[in-house]
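A.B. asks: Shown below is the structure under consideration.
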Amino acid sequence: MRINKGDTVIDLGCGEGSITIPLSKKVKFVTAVDSSKRMLEILDEKCRAENIDNIKTIKENLEDVTLKEVGKQDIVLLSRSINGISPIKDTINNVNNIADKYVYITIFGPENWKFENDFYESIGKEKNDFAPYNYLFNILISMNIYPNIENLEIKTNRKYKSVQDAIDNGKWQLNNFTEEEKEELYKYLEKNLRKNNEGMLENPNDKADWILIWWKK
Ligand SMILES: C[S@@+](CC[C@H](N)C(=O)[O-])C[C@H]1O[C@@H](n2cnc3c(N)ncnc32)[C@H](O)[C@@H]1O
C-alpha cells in the first residue's frame, strides 16, 4: 500500500484487526468498521494489550458508512469484506467519495475455495459461490474507475492442529450440512490433510487466494 505516516485510513470490515493493527503503526489514524460486535471487541482488546491509541472502532454495516459520518479519509481499505456486499455500486460510489488518495480492496480469488469445491463435488452437493473478481472489475470500469489488479500469490497453505480444528476454522459453513455430510467431511479431511514436518495438517489445494484491486483518486 502507498501509505505515509500522516495518513488517515478507514478499514471497512476490519475483523479482529489482522491488517488494522500493523497498519496503525504506519499511519496517523485508523477508523475500523465491522458489523460484528465480537470482532471489534477482540480488536479493542488487542489495542489495549499493545497500547495502541490511534484506532477507533465503529460497529456498522460498511455499506451504511457515510462521508458525513466519517469525513474524508486519505485511504479506504476493504480487505476480504465485500465479496457478498449488495448493492455493490452504491457501496463503491460511497467508498470512492470517502477516499482522498487511494482505495484498496482485496477479494477472494478463484483458487480460494479449491479444497472446499473438491469436497462439494465428491458428495455431489451444489455450492453457492461469491461472484468472481472479474465482476467487480467490470462494475468498476462501468463506473469509470480504472483499477490496478494484482494477484497477491499467497504461497503458504492453511495449517491445522487436527481434523477437528480444520472443521471448526469457519470455512466450512457447517450449518449447510446434514449430519451425514458432516461425517463425510470428517472422512474427506482425514484422507486429504497431510502432516507437515512441523506436525501440522495441510493440503496443497487449501491456501488463500487474494486479489488486490486498487486505484488512485
Ligand atoms: C474475512 S474477514 C476480513 C477481516 C480483515 N479485513 C482481513 O482481511 O483480515 C471479513 C470481515 O468483514 C466483516 N463484514 C462482513 N460483512 C460486513 C458488512 N456488511 N459490514 C461490515 N463488516 C462486514 C465480518 O464481520 C468480518 O469481520
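Each chain of the C-alpha cells is named A, B, ... in the order shown, its residues numbered from 1; ligands are numbered from 1 in display order.
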Using only C-alpha atoms and all ligand atoms, find each protein or nucleic acid residue lying at most 9 Å from ligand 1; present the set as a ChimeraX atom specification.

C.D. replies: /A:11-20,33-40,59-65,77-86,106-107

A.B. asks: Would you list the contacts of Lys159 in chain A as a short mmCIF file (atom, residue, chain, number, x, y, z; two decimals) with all heavy atoms, in the first residue's frame, taking every protein, DNA or RNA residue within 6 Å and counting only C-alpha atoms, but skipping same-chain residues closer than 4 positions in sequence?

C.D. replies:
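This went into part-v6.cif:
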data_model
loop_
_atom_site.label_atom_id
_atom_site.label_comp_id
_atom_site.auth_asym_id
_atom_site.auth_seq_id
_atom_site.Cartn_x
_atom_site.Cartn_y
_atom_site.Cartn_z
N MET A 200 1.91 -30.23 11.71
CA MET A 200 0.60 -29.62 11.45
C MET A 200 -0.01 -30.27 10.20
O MET A 200 0.71 -30.77 9.34
CB MET A 200 0.75 -28.11 11.18
CG MET A 200 1.32 -27.32 12.34
SD MET A 200 0.20 -27.22 13.74
CE MET A 200 -0.90 -25.91 13.21
N LEU A 201 -1.34 -30.22 10.11
CA LEU A 201 -2.02 -30.81 8.95
C LEU A 201 -2.23 -29.76 7.87
O LEU A 201 -2.62 -28.62 8.16
CB LEU A 201 -3.37 -31.37 9.38
CG LEU A 201 -3.34 -32.52 10.40
CD1 LEU A 201 -4.76 -32.89 10.82
CD2 LEU A 201 -2.64 -33.74 9.80
N GLU A 202 -2.01 -30.14 6.60
CA GLU A 202 -2.25 -29.19 5.50
C GLU A 202 -2.50 -29.93 4.19
O GLU A 202 -2.28 -31.14 4.09
CB GLU A 202 -1.09 -28.21 5.35
CG GLU A 202 0.26 -28.83 5.08
CD GLU A 202 1.35 -27.77 4.92
OE1 GLU A 202 1.36 -27.11 3.86
OE2 GLU A 202 2.17 -27.60 5.84
#

A.B. asks: Could you list, as a ChimeraX atom specification, every residue within 9 Å of range 25-28 of chain A, counting only C-alpha atoms and ignoring same-chain residues fewer than 4 positions away?

C.D. replies: /A:3-9,20-21,52,54

A.B. asks: Write out the residues from the selection above, keeping all heavy atoms, as a PDB file, in the first residue's frame.

C.D. replies:
ATOM      1  N   ILE A   3       1.369   4.264   1.563  1.00  0.00           N
ATOM      2  CA  ILE A   3       0.906   4.956   2.764  1.00  0.00           C
ATOM      3  C   ILE A   3       2.017   5.816   3.362  1.00  0.00           C
ATOM      4  O   ILE A   3       3.200   5.506   3.226  1.00  0.00           O
ATOM      5  CB  ILE A   3       0.401   3.971   3.843  1.00  0.00           C
ATOM      6  CG1 ILE A   3       1.306   2.749   3.956  1.00  0.00           C
ATOM      7  CG2 ILE A   3      -1.040   3.582   3.609  1.00  0.00           C
ATOM      8  CD1 ILE A   3       0.954   1.810   5.081  1.00  0.00           C
ATOM      9  N   ASN A   4       1.586   6.888   4.055  1.00  0.00           N
ATOM     10  CA  ASN A   4       2.527   7.782   4.723  1.00  0.00           C
ATOM     11  C   ASN A   4       2.184   7.878   6.198  1.00  0.00           C
ATOM     12  O   ASN A   4       1.030   7.655   6.578  1.00  0.00           O
ATOM     13  CB  ASN A   4       2.427   9.195   4.121  1.00  0.00           C
ATOM     14  CG  ASN A   4       2.970   9.212   2.717  1.00  0.00           C
ATOM     15  OD1 ASN A   4       4.064   8.708   2.471  1.00  0.00           O
ATOM     16  ND2 ASN A   4       2.188   9.751   1.800  1.00  0.00           N
ATOM     17  N   LYS A   5       3.144   8.267   6.977  1.00  0.00           N
ATOM     18  CA  LYS A   5       2.972   8.428   8.425  1.00  0.00           C
ATOM     19  C   LYS A   5       1.796   9.346   8.776  1.00  0.00           C
ATOM     20  O   LYS A   5       1.135   9.175   9.799  1.00  0.00           O
ATOM     21  CB  LYS A   5       4.255   9.015   9.038  1.00  0.00           C
ATOM     22  CG  LYS A   5       5.119   8.073   9.848  1.00  0.00           C
ATOM     23  CD  LYS A   5       4.386   7.407  10.945  1.00  0.00           C
ATOM     24  CE  LYS A   5       5.087   6.541  11.928  1.00  0.00           C
ATOM     25  NZ  LYS A   5       4.177   5.659  12.647  1.00  0.00           N
ATOM     26  N   GLY A   6       1.534  10.334   7.915  1.00  0.00           N
ATOM     27  CA  GLY A   6       0.489  11.311   8.243  1.00  0.00           C
ATOM     28  C   GLY A   6      -0.902  10.927   7.748  1.00  0.00           C
ATOM     29  O   GLY A   6      -1.859  11.696   7.897  1.00  0.00           O
ATOM     30  N   ASP A   7      -1.044   9.742   7.153  1.00  0.00           N
ATOM     31  CA  ASP A   7      -2.322   9.378   6.523  1.00  0.00           C
ATOM     32  C   ASP A   7      -3.391   8.937   7.526  1.00  0.00           C
ATOM     33  O   ASP A   7      -3.088   8.332   8.551  1.00  0.00           O
ATOM     34  CB  ASP A   7      -2.117   8.224   5.524  1.00  0.00           C
ATOM     35  CG  ASP A   7      -1.481   8.678   4.219  1.00  0.00           C
ATOM     36  OD1 ASP A   7      -1.544   9.892   3.926  1.00  0.00           O
ATOM     37  OD2 ASP A   7      -0.925   7.825   3.501  1.00  0.00           O
ATOM     38  N   THR A   8      -4.650   9.208   7.135  1.00  0.00           N
ATOM     39  CA  THR A   8      -5.785   8.623   7.861  1.00  0.00           C
ATOM     40  C   THR A   8      -6.341   7.507   6.980  1.00  0.00           C
ATOM     41  O   THR A   8      -6.387   7.623   5.758  1.00  0.00           O
ATOM     42  CB  THR A   8      -6.881   9.668   8.100  1.00  0.00           C
ATOM     43  OG1 THR A   8      -7.216  10.278   6.845  1.00  0.00           O
ATOM     44  CG2 THR A   8      -6.441  10.721   9.093  1.00  0.00           C
ATOM     45  N   VAL A   9      -6.749   6.409   7.642  1.00  0.00           N
ATOM     46  CA  VAL A   9      -7.244   5.234   6.902  1.00  0.00           C
ATOM     47  C   VAL A   9      -8.577   4.817   7.504  1.00  0.00           C
ATOM     48  O   VAL A   9      -8.752   4.869   8.725  1.00  0.00           O
ATOM     49  CB  VAL A   9      -6.261   4.044   7.044  1.00  0.00           C
ATOM     50  CG1 VAL A   9      -6.764   2.824   6.282  1.00  0.00           C
ATOM     51  CG2 VAL A   9      -4.871   4.413   6.566  1.00  0.00           C
ATOM     52  N   THR A  20      -5.563  -4.029  10.340  1.00  0.00           N
ATOM     53  CA  THR A  20      -5.734  -2.746  11.050  1.00  0.00           C
ATOM     54  C   THR A  20      -4.550  -2.451  11.978  1.00  0.00           C
ATOM     55  O   THR A  20      -4.028  -1.324  11.973  1.00  0.00           O
ATOM     56  CB  THR A  20      -7.010  -2.806  11.936  1.00  0.00           C
ATOM     57  OG1 THR A  20      -7.991  -3.619  11.315  1.00  0.00           O
ATOM     58  CG2 THR A  20      -7.528  -1.431  12.228  1.00  0.00           C
ATOM     59  N   ILE A  21      -4.146  -3.459  12.757  1.00  0.00           N
ATOM     60  CA  ILE A  21      -3.111  -3.202  13.775  1.00  0.00           C
ATOM     61  C   ILE A  21      -1.747  -2.891  13.146  1.00  0.00           C
ATOM     62  O   ILE A  21      -1.180  -1.832  13.434  1.00  0.00           O
ATOM     63  CB  ILE A  21      -3.064  -4.349  14.808  1.00  0.00           C
ATOM     64  CG1 ILE A  21      -4.348  -4.249  15.647  1.00  0.00           C
ATOM     65  CG2 ILE A  21      -1.812  -4.286  15.680  1.00  0.00           C
ATOM     66  CD1 ILE A  21      -4.474  -5.212  16.766  1.00  0.00           C
ATOM     67  N   ILE A  52      -2.135   0.632  21.825  1.00  0.00           N
ATOM     68  CA  ILE A  52      -2.347   1.352  20.560  1.00  0.00           C
ATOM     69  C   ILE A  52      -3.481   2.363  20.785  1.00  0.00           C
ATOM     70  O   ILE A  52      -4.561   1.991  21.253  1.00  0.00           O
ATOM     71  CB  ILE A  52      -2.718   0.361  19.437  1.00  0.00           C
ATOM     72  CG1 ILE A  52      -1.532  -0.555  19.151  1.00  0.00           C
ATOM     73  CG2 ILE A  52      -3.160   1.098  18.174  1.00  0.00           C
ATOM     74  CD1 ILE A  52      -1.844  -1.726  18.239  1.00  0.00           C
ATOM     75  N   ASN A  54      -4.332   4.867  18.339  1.00  0.00           N
ATOM     76  CA  ASN A  54      -4.755   5.587  17.121  1.00  0.00           C
ATOM     77  C   ASN A  54      -5.715   4.753  16.257  1.00  0.00           C
ATOM     78  O   ASN A  54      -5.730   4.870  15.037  1.00  0.00           O
ATOM     79  CB  ASN A  54      -3.531   6.048  16.300  1.00  0.00           C
ATOM     80  CG  ASN A  54      -2.706   4.885  15.777  1.00  0.00           C
ATOM     81  OD1 ASN A  54      -2.801   3.776  16.284  1.00  0.00           O
ATOM     82  ND2 ASN A  54      -1.904   5.140  14.755  1.00  0.00           N
TER      83      ASN A  54
END

A.B. asks: Report the distance between CA of Asn144 in chain A and CA of Ile98 in chain A in Å, rounded to one decimal place.

C.D. replies: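 CA of Ile98 in chain A lies at a distance of 16.6 Å from CA of Asn144 in chain A.
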
A.B. asks: For Trp210 in chain A, find every residue with an atom within 10 Å (counting only C-alpha atoms), except residues of its own chain fewer than 6 positions away, and show them as a list in words.

C.D. replies: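 Neighbouring residues, sequence-local ones excluded: Ser79, Arg80, Ile105, Thr106, Ile107, Phe108, Gly109, Pro110, Glu111, Asn112, Tyr133, Glu150, Asn151, Leu152, Glu153 and Ile154 of chain A.
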
A.B. asks: Using only C-alpha atoms, which residue out of A:Lys187, A:Lys46, A:Lys161, A:Lys72 lies closest to Gly199 in chain A?

C.D. replies: A:Lys161

A.B. asks: Could you check the closest approach to Arg2 in chain A for each of A:Leu193, A:Val70, A:Ile149, A:Val103 and tell me which residue wins, using only C-alpha atoms?

C.D. replies: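 Checking each of A:Leu193, A:Val70, A:Ile149, A:Val103 against Arg2 in chain A, counting only C-alpha atoms, the winner is A:Val103.
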
A.B. asks: Going by DSSP on the backbone, which bits of range 99-150 of chain A are strand (DSSP E)? Write them as number ranges by chain, please.

C.D. replies: A: 99-108, 148-150

A.B. asks: Go through A:Asp165, A:Asp209, A:Glu181, A:Asp100 one by one, measure the shortest atom-to-atom distance of each to Lys125 in chain A using only C-alpha atoms, and give the residue with the smallest value.

C.D. replies: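 Selected residue with least distance to Lys125 in chain A: A:Glu181.
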
A.B. asks: As an exercise, work out the distance from CA of Lys101 in chain A to CA of Trp214 in chain A in Å and give it to one decimal place.

C.D. replies: 10.8 Å

A.B. asks: Could you tell me which of A:Asn175, A:Asp129, A:Glu50, A:Asn134 comes closest to Asn117 in chain A if we count only C-alpha atoms?

C.D. replies: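 Using only C-alpha atoms, the shortest distance to Asn117 in chain A belongs to A:Asp129.
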